[in-house]
file model32.pdb (PDB, C-alpha atoms)
MODEL        1
ATOM      1  CA  MET D  29     115.697 120.588 126.016  1.00  0.00           C
ATOM      2  CA  PRO D  30     117.193 124.074 126.235  1.00  0.00           C
ATOM      3  CA  ASP D  31     113.918 125.764 127.173  1.00  0.00           C
ATOM      4  CA  VAL D  32     113.774 123.823 130.468  1.00  0.00           C
ATOM      5  CA  ASP D  33     117.472 122.950 130.858  1.00  0.00           C
ATOM      6  CA  GLY D  34     116.369 119.343 131.112  1.00  0.00           C
ATOM      7  CA  PHE D  35     115.438 116.296 129.096  1.00  0.00           C
ATOM      8  CA  ARG D  36     112.428 114.590 127.562  1.00  0.00           C
ATOM      9  CA  TYR D  37     111.206 111.468 129.321  1.00  0.00           C
ATOM     10  CA  THR D  38     111.662 109.573 126.035  1.00  0.00           C
ATOM     11  CA  SER D  39     112.850 110.513 122.561  1.00  0.00           C
ATOM     12  CA  CYS D  40     109.243 111.037 121.469  1.00  0.00           C
ATOM     13  CA  PRO D  41     108.546 114.767 121.046  1.00  0.00           C
ATOM     14  CA  ARG D  42     105.131 114.290 122.676  1.00  0.00           C
ATOM     15  CA  THR D  43     106.524 113.172 126.023  1.00  0.00           C
ATOM     16  CA  SER D  44     106.967 115.578 128.892  1.00  0.00           C
ATOM     17  CA  LYS D  45     110.216 117.397 129.431  1.00  0.00           C
ATOM     18  CA  GLY D  46     111.810 118.769 132.546  1.00  0.00           C
ATOM     19  CA  ALA D  47     114.819 118.855 134.802  1.00  0.00           C
ATOM     20  CA  TRP D  48     113.625 116.115 137.150  1.00  0.00           C
ATOM     21  CA  SER D  49     115.951 113.544 135.565  1.00  0.00           C
ATOM     22  CA  ASN D  50     119.043 115.744 135.257  1.00  0.00           C
ATOM     23  CA  PHE D  51     120.871 114.360 138.278  1.00  0.00           C
ATOM     24  CA  LEU D  52     120.157 110.802 137.184  1.00  0.00           C
ATOM     25  CA  LEU D  53     121.636 111.467 133.749  1.00  0.00           C
ATOM     26  CA  PHE D  54     124.505 113.747 134.739  1.00  0.00           C
ATOM     27  CA  ASP D  55     126.681 110.992 136.141  1.00  0.00           C
ATOM     28  CA  GLY D  56     126.854 109.432 132.662  1.00  0.00           C
ATOM     29  CA  ILE D  57     127.212 112.793 130.928  1.00  0.00           C
ATOM     30  CA  ALA D  58     130.102 113.712 133.237  1.00  0.00           C
ATOM     31  CA  PHE D  59     131.759 110.395 132.394  1.00  0.00           C
ATOM     32  CA  ALA D  60     131.296 111.048 128.671  1.00  0.00           C
ATOM     33  CA  HIS D  61     132.755 114.545 129.006  1.00  0.00           C
ATOM     34  CA  ARG D  62     135.725 113.229 130.962  1.00  0.00           C
ATOM     35  CA  GLN D  63     136.406 110.777 128.126  1.00  0.00           C
ATOM     36  CA  THR D  64     135.853 113.146 125.195  1.00  0.00           C
ATOM     37  CA  GLY D  65     136.240 116.730 126.407  1.00  0.00           C
ATOM     38  CA  ASP D  66     133.158 117.596 124.330  1.00  0.00           C
ATOM     39  CA  GLU D  67     132.190 121.198 125.153  1.00  0.00           C
ATOM     40  CA  LYS D  68     128.505 120.496 124.448  1.00  0.00           C
ATOM     41  CA  LEU D  69     128.446 117.956 127.268  1.00  0.00           C
ATOM     42  CA  ARG D  70     130.102 120.419 129.633  1.00  0.00           C
ATOM     43  CA  ASN D  71     127.489 123.030 128.772  1.00  0.00           C
ATOM     44  CA  VAL D  72     124.663 120.578 129.463  1.00  0.00           C
ATOM     45  CA  LEU D  73     126.111 119.916 132.916  1.00  0.00           C
ATOM     46  CA  LYS D  74     126.575 123.597 133.701  1.00  0.00           C
ATOM     47  CA  ARG D  75     123.192 124.738 132.397  1.00  0.00           C
ATOM     48  CA  GLY D  76     121.188 121.887 133.857  1.00  0.00           C
ATOM     49  CA  THR D  77     122.512 121.946 137.407  1.00  0.00           C
ATOM     50  CA  GLY D  78     120.512 124.978 138.530  1.00  0.00           C
ATOM     51  CA  SER D  79     117.257 123.694 137.102  1.00  0.00           C
ATOM     52  CA  ALA D  80     117.884 120.281 138.666  1.00  0.00           C
ATOM     53  CA  VAL D  81     118.429 121.821 142.094  1.00  0.00           C
ATOM     54  CA  GLN D  82     115.238 123.858 141.748  1.00  0.00           C
ATOM     55  CA  ASN D  83     113.365 120.673 140.841  1.00  0.00           C
ATOM     56  CA  MET D  84     114.550 118.662 143.837  1.00  0.00           C
ATOM     57  CA  THR D  85     111.939 117.260 146.157  1.00  0.00           C
ATOM     58  CA  GLY D  86     112.436 116.431 149.790  1.00  0.00           C
ATOM     59  CA  TRP D  87     110.337 113.307 149.739  1.00  0.00           C
ATOM     60  CA  GLY D  88     111.046 109.616 149.293  1.00  0.00           C
ATOM     61  CA  LYS D  89     112.186 108.361 145.937  1.00  0.00           C
ATOM     62  CA  GLY D  90     112.854 111.806 144.429  1.00  0.00           C
ATOM     63  CA  PHE D  91     115.123 112.842 147.301  1.00  0.00           C
ATOM     64  CA  THR D  92     116.933 109.506 147.330  1.00  0.00           C
ATOM     65  CA  GLN D  93     117.562 109.518 143.593  1.00  0.00           C
ATOM     66  CA  TYR D  94     119.117 112.981 143.755  1.00  0.00           C
ATOM     67  CA  THR D  95     121.280 112.396 146.793  1.00  0.00           C
ATOM     68  CA  ARG D  96     122.517 109.034 145.511  1.00  0.00           C
ATOM     69  CA  VAL D  97     123.987 110.423 142.298  1.00  0.00           C
ATOM     70  CA  ALA D  98     124.682 114.094 143.007  1.00  0.00           C
ATOM     71  CA  PRO D  99     128.134 113.709 144.640  1.00  0.00           C
ATOM     72  CA  HIS D 100     129.527 111.978 141.561  1.00  0.00           C
ATOM     73  CA  PHE D 101     128.843 114.736 139.110  1.00  0.00           C
ATOM     74  CA  ILE D 102     128.946 117.710 141.507  1.00  0.00           C
ATOM     75  CA  GLY D 103     132.590 116.901 142.278  1.00  0.00           C
ATOM     76  CA  TYR D 104     133.319 116.704 138.580  1.00  0.00           C
ATOM     77  CA  LEU D 105     131.442 119.914 137.866  1.00  0.00           C
ATOM     78  CA  ALA D 106     133.443 121.671 140.586  1.00  0.00           C
ATOM     79  CA  SER D 107     136.664 120.569 138.904  1.00  0.00           C
ATOM     80  CA  LEU D 108     135.516 122.253 135.683  1.00  0.00           C
ATOM     81  CA  ARG D 109     135.343 125.688 137.315  1.00  0.00           C
ATOM     82  CA  GLY D 110     139.078 126.105 136.927  1.00  0.00           C
ATOM     83  CA  GLU D 111     139.049 125.418 133.194  1.00  0.00           C
TER
ENDMDL
END
call {"tool": "encode", "arguments": {"input": "model32.pdb", "output": "structure tokens"}}
result
Amino acid sequence: MPDVDGFRYTSCPRTSKGAWSNFLLFDGIAFAHRQTGDEKLRNVLKRGTGSAVQNMTGWGKGFTQYTRVAPHFIGYLASLRGE
């Protein structure tokens, strides 16, 4: 969802949207971009990283989910800077 640089919880337009799930989804999006080179996927990664970082929590499950997946896509995102 461009207005929050994040995603809906489900595909239903009535569900909440936000950047809380970005890091969980970015590992798969980075993989898809690596396979296809699709510029739209790259833009999602670039735009959503800042909002994901701002949404991070330092407690329990939220912290663990972010730190478990972040290295995978952050390394990939860093490699895109040179493109």
call {"tool": "resolve_selection", "arguments": {"input": "model32.pdb", "expression": "the PyMOL selection byres ((chain D and resi 100) around 12)", "output": "JSON, numbers by chain"}}
result
{"D": [51, 52, 53, 54, 55, 56, 57, 58, 59, 94, 95, 96, 97, 98, 99, 101, 102, 103, 104, 105, 106, 107]}
call {"tool": "residues_around", "arguments": {"input": "model32.pdb", "residues": "range 79-87 of chain D", "least_positions_apart": "5", "cutoff": "6 Å", "atoms": "all atoms listed in the file", "output": "list in words"}}
result
Ala47, Trp48 and Asn50 of chain D
call {"tool": "write_last_selection", "arguments": {"input": "model32.pdb", "atoms": "C-alpha atoms", "output": "mmCIF file, in the frame of the given file"}}
result
data_model
loop_
_atom_site.group_PDB
_atom_site.id
_atom_site.type_symbol
_atom_site.label_atom_id
_atom_site.label_comp_id
_atom_site.auth_asym_id
_atom_site.auth_seq_id
_atom_site.Cartn_x
_atom_site.Cartn_y
_atom_site.Cartn_z
ATOM 1 C CA ALA D 47 114.819 118.855 134.802
ATOM 2 C CA TRP D 48 113.625 116.115 137.150
ATOM 3 C CA ASN D 50 119.043 115.744 135.257
#
call {"tool": "closest_residue", "arguments": {"input": "model32.pdb", "among": "D:Gln93, D:Asn71, D:Gly76, D:Phe35", "to": "Arg109 in chain D", "atoms": "all atoms listed in the file"}}
result
D:Asn71
call {"tool": "closest_residue", "arguments": {"input": "model32.pdb", "among": "D:Leu108, D:Phe91, D:Cys40, D:Val32", "to": "Gly78 in chain D", "atoms": "all atoms listed in the file"}}
result
D:Val32
call {"tool": "atom_distance", "arguments": {"input": "model32.pdb", "atom1": "CA of Gln63 in chain D", "atom2": "CA of Thr38 in chain D"}}
result
24.9 Å
call {"tool": "closest_residue", "arguments": {"input": "model32.pdb", "among": "D:Glu67, D:His61, D:Gly88, D:Gly46", "to": "Asp33 in chain D", "atoms": "all atoms listed in the file"}}
result
D:Gly46
call {"tool": "axis_aligned_box", "arguments": {"input": "model32.pdb", "around": "range 61-67 of chain D", "padding_each_side": "5 Å", "output": "AutoDock Vina command-line options"}}
result
--center_x 134.3 --center_y 116.0 --center_z 127.6 --size_x 14.2 --size_y 20.4 --size_z 16.6
call {"tool": "atom_distance", "arguments": {"input": "model32.pdb", "atom1": "CA of Arg36 in chain D", "atom2": "CA of Ser49 in chain D"}}
result
8.8 Å
call {"tool": "build_atoms", "arguments": {"input": "model32.pdb", "residues": "range 45-56 of chain D", "atoms": "all heavy atoms", "output": "CSV table (one decimal), keeping the file's coordinate frame"}}
result
chain,number,residue,atom,x,y,z
D,45,LYS,N,108.8,117.0,129.3
D,45,LYS,CA,110.2,117.4,129.4
D,45,LYS,C,110.4,118.2,130.7
D,45,LYS,O,109.4,118.8,131.2
D,45,LYS,CB,110.7,118.2,128.3
D,45,LYS,CG,109.9,119.5,128.0
D,45,LYS,CD,110.3,120.2,126.7
D,45,LYS,CE,109.4,121.3,126.4
D,45,LYS,NZ,109.8,122.0,125.2
D,46,GLY,N,111.6,118.1,131.3
D,46,GLY,CA,111.8,118.8,132.5
D,46,GLY,C,113.2,118.4,133.1
D,46,GLY,O,113.9,117.6,132.5
D,47,ALA,N,113.5,119.0,134.2
D,47,ALA,CA,114.8,118.9,134.8
D,47,ALA,C,114.8,117.8,135.9
D,47,ALA,O,115.8,117.5,136.5
D,47,ALA,CB,115.3,120.2,135.4
D,48,TRP,N,113.7,117.1,136.1
D,48,TRP,CA,113.6,116.1,137.2
D,48,TRP,C,114.6,115.0,137.0
D,48,TRP,O,115.1,114.4,138.0
D,48,TRP,CB,112.2,115.6,137.2
D,48,TRP,CG,111.8,114.8,136.0
D,48,TRP,CD1,111.2,115.2,134.9
D,48,TRP,CD2,112.1,113.4,135.8
D,48,TRP,NE1,111.1,114.2,134.0
D,48,TRP,CE2,111.6,113.1,134.5
D,48,TRP,CE3,112.6,112.4,136.5
D,48,TRP,CZ2,111.6,111.8,134.0
D,48,TRP,CZ3,112.7,111.1,136.0
D,48,TRP,CH2,112.2,110.8,134.7
D,49,SER,N,115.0,114.7,135.8
D,49,SER,CA,116.0,113.5,135.6
D,49,SER,C,117.4,114.0,135.4
D,49,SER,O,118.3,113.1,135.2
D,49,SER,CB,115.5,112.8,134.3
D,49,SER,OG,115.6,113.6,133.2
D,50,ASN,N,117.7,115.3,135.5
D,50,ASN,CA,119.0,115.7,135.3
D,50,ASN,C,120.1,115.0,136.1
D,50,ASN,O,121.1,114.5,135.6
D,50,ASN,CB,119.1,117.2,135.5
D,50,ASN,CG,118.5,118.1,134.4
D,50,ASN,OD1,117.8,117.5,133.5
D,50,ASN,ND2,118.7,119.3,134.4
D,51,PHE,N,119.9,115.0,137.4
D,51,PHE,CA,120.9,114.4,138.3
D,51,PHE,C,121.1,112.9,137.9
D,51,PHE,O,122.2,112.4,138.0
D,51,PHE,CB,120.5,114.5,139.7
D,51,PHE,CG,120.7,115.8,140.3
D,51,PHE,CD1,121.2,116.9,139.6
D,51,PHE,CD2,120.5,116.0,141.7
D,51,PHE,CE1,121.4,118.1,140.2
D,51,PHE,CE2,120.8,117.3,142.3
D,51,PHE,CZ,121.2,118.3,141.5
D,52,LEU,N,120.0,112.2,137.5
D,52,LEU,CA,120.2,110.8,137.2
D,52,LEU,C,121.0,110.6,135.9
D,52,LEU,O,121.7,109.6,135.8
D,52,LEU,CB,118.8,110.2,137.0
D,52,LEU,CG,117.8,110.2,138.1
D,52,LEU,CD1,116.5,109.7,137.7
D,52,LEU,CD2,118.4,109.4,139.3
D,53,LEU,N,120.9,111.6,135.0
D,53,LEU,CA,121.6,111.5,133.7
D,53,LEU,C,123.0,112.1,133.8
D,53,LEU,O,123.9,111.7,133.0
D,53,LEU,CB,120.8,112.1,132.6
D,53,LEU,CG,119.4,111.5,132.4
D,53,LEU,CD1,118.6,112.4,131.5
D,53,LEU,CD2,119.5,110.1,131.9
D,54,PHE,N,123.2,113.0,134.7
D,54,PHE,CA,124.5,113.7,134.7
D,54,PHE,C,125.7,112.9,135.1
D,54,PHE,O,126.8,113.2,134.7
D,54,PHE,CB,124.4,114.9,135.7
D,54,PHE,CG,123.7,116.1,135.1
D,54,PHE,CD1,123.2,116.1,133.9
D,54,PHE,CD2,123.7,117.3,135.9
D,54,PHE,CE1,122.5,117.2,133.4
D,54,PHE,CE2,123.1,118.4,135.3
D,54,PHE,CZ,122.5,118.4,134.1
D,55,ASP,N,125.5,111.9,135.8
D,55,ASP,CA,126.7,111.0,136.1
D,55,ASP,C,127.3,110.4,134.8
D,55,ASP,O,128.5,110.5,134.6
D,55,ASP,CB,126.2,109.9,137.1
D,55,ASP,CG,127.4,109.2,137.8
D,55,ASP,OD1,128.4,109.8,138.0
D,55,ASP,OD2,127.2,108.0,138.2
D,56,GLY,N,126.4,110.0,134.0
D,56,GLY,CA,126.9,109.4,132.7
D,56,GLY,C,127.4,110.5,131.7
D,56,GLY,O,128.4,110.3,131.0
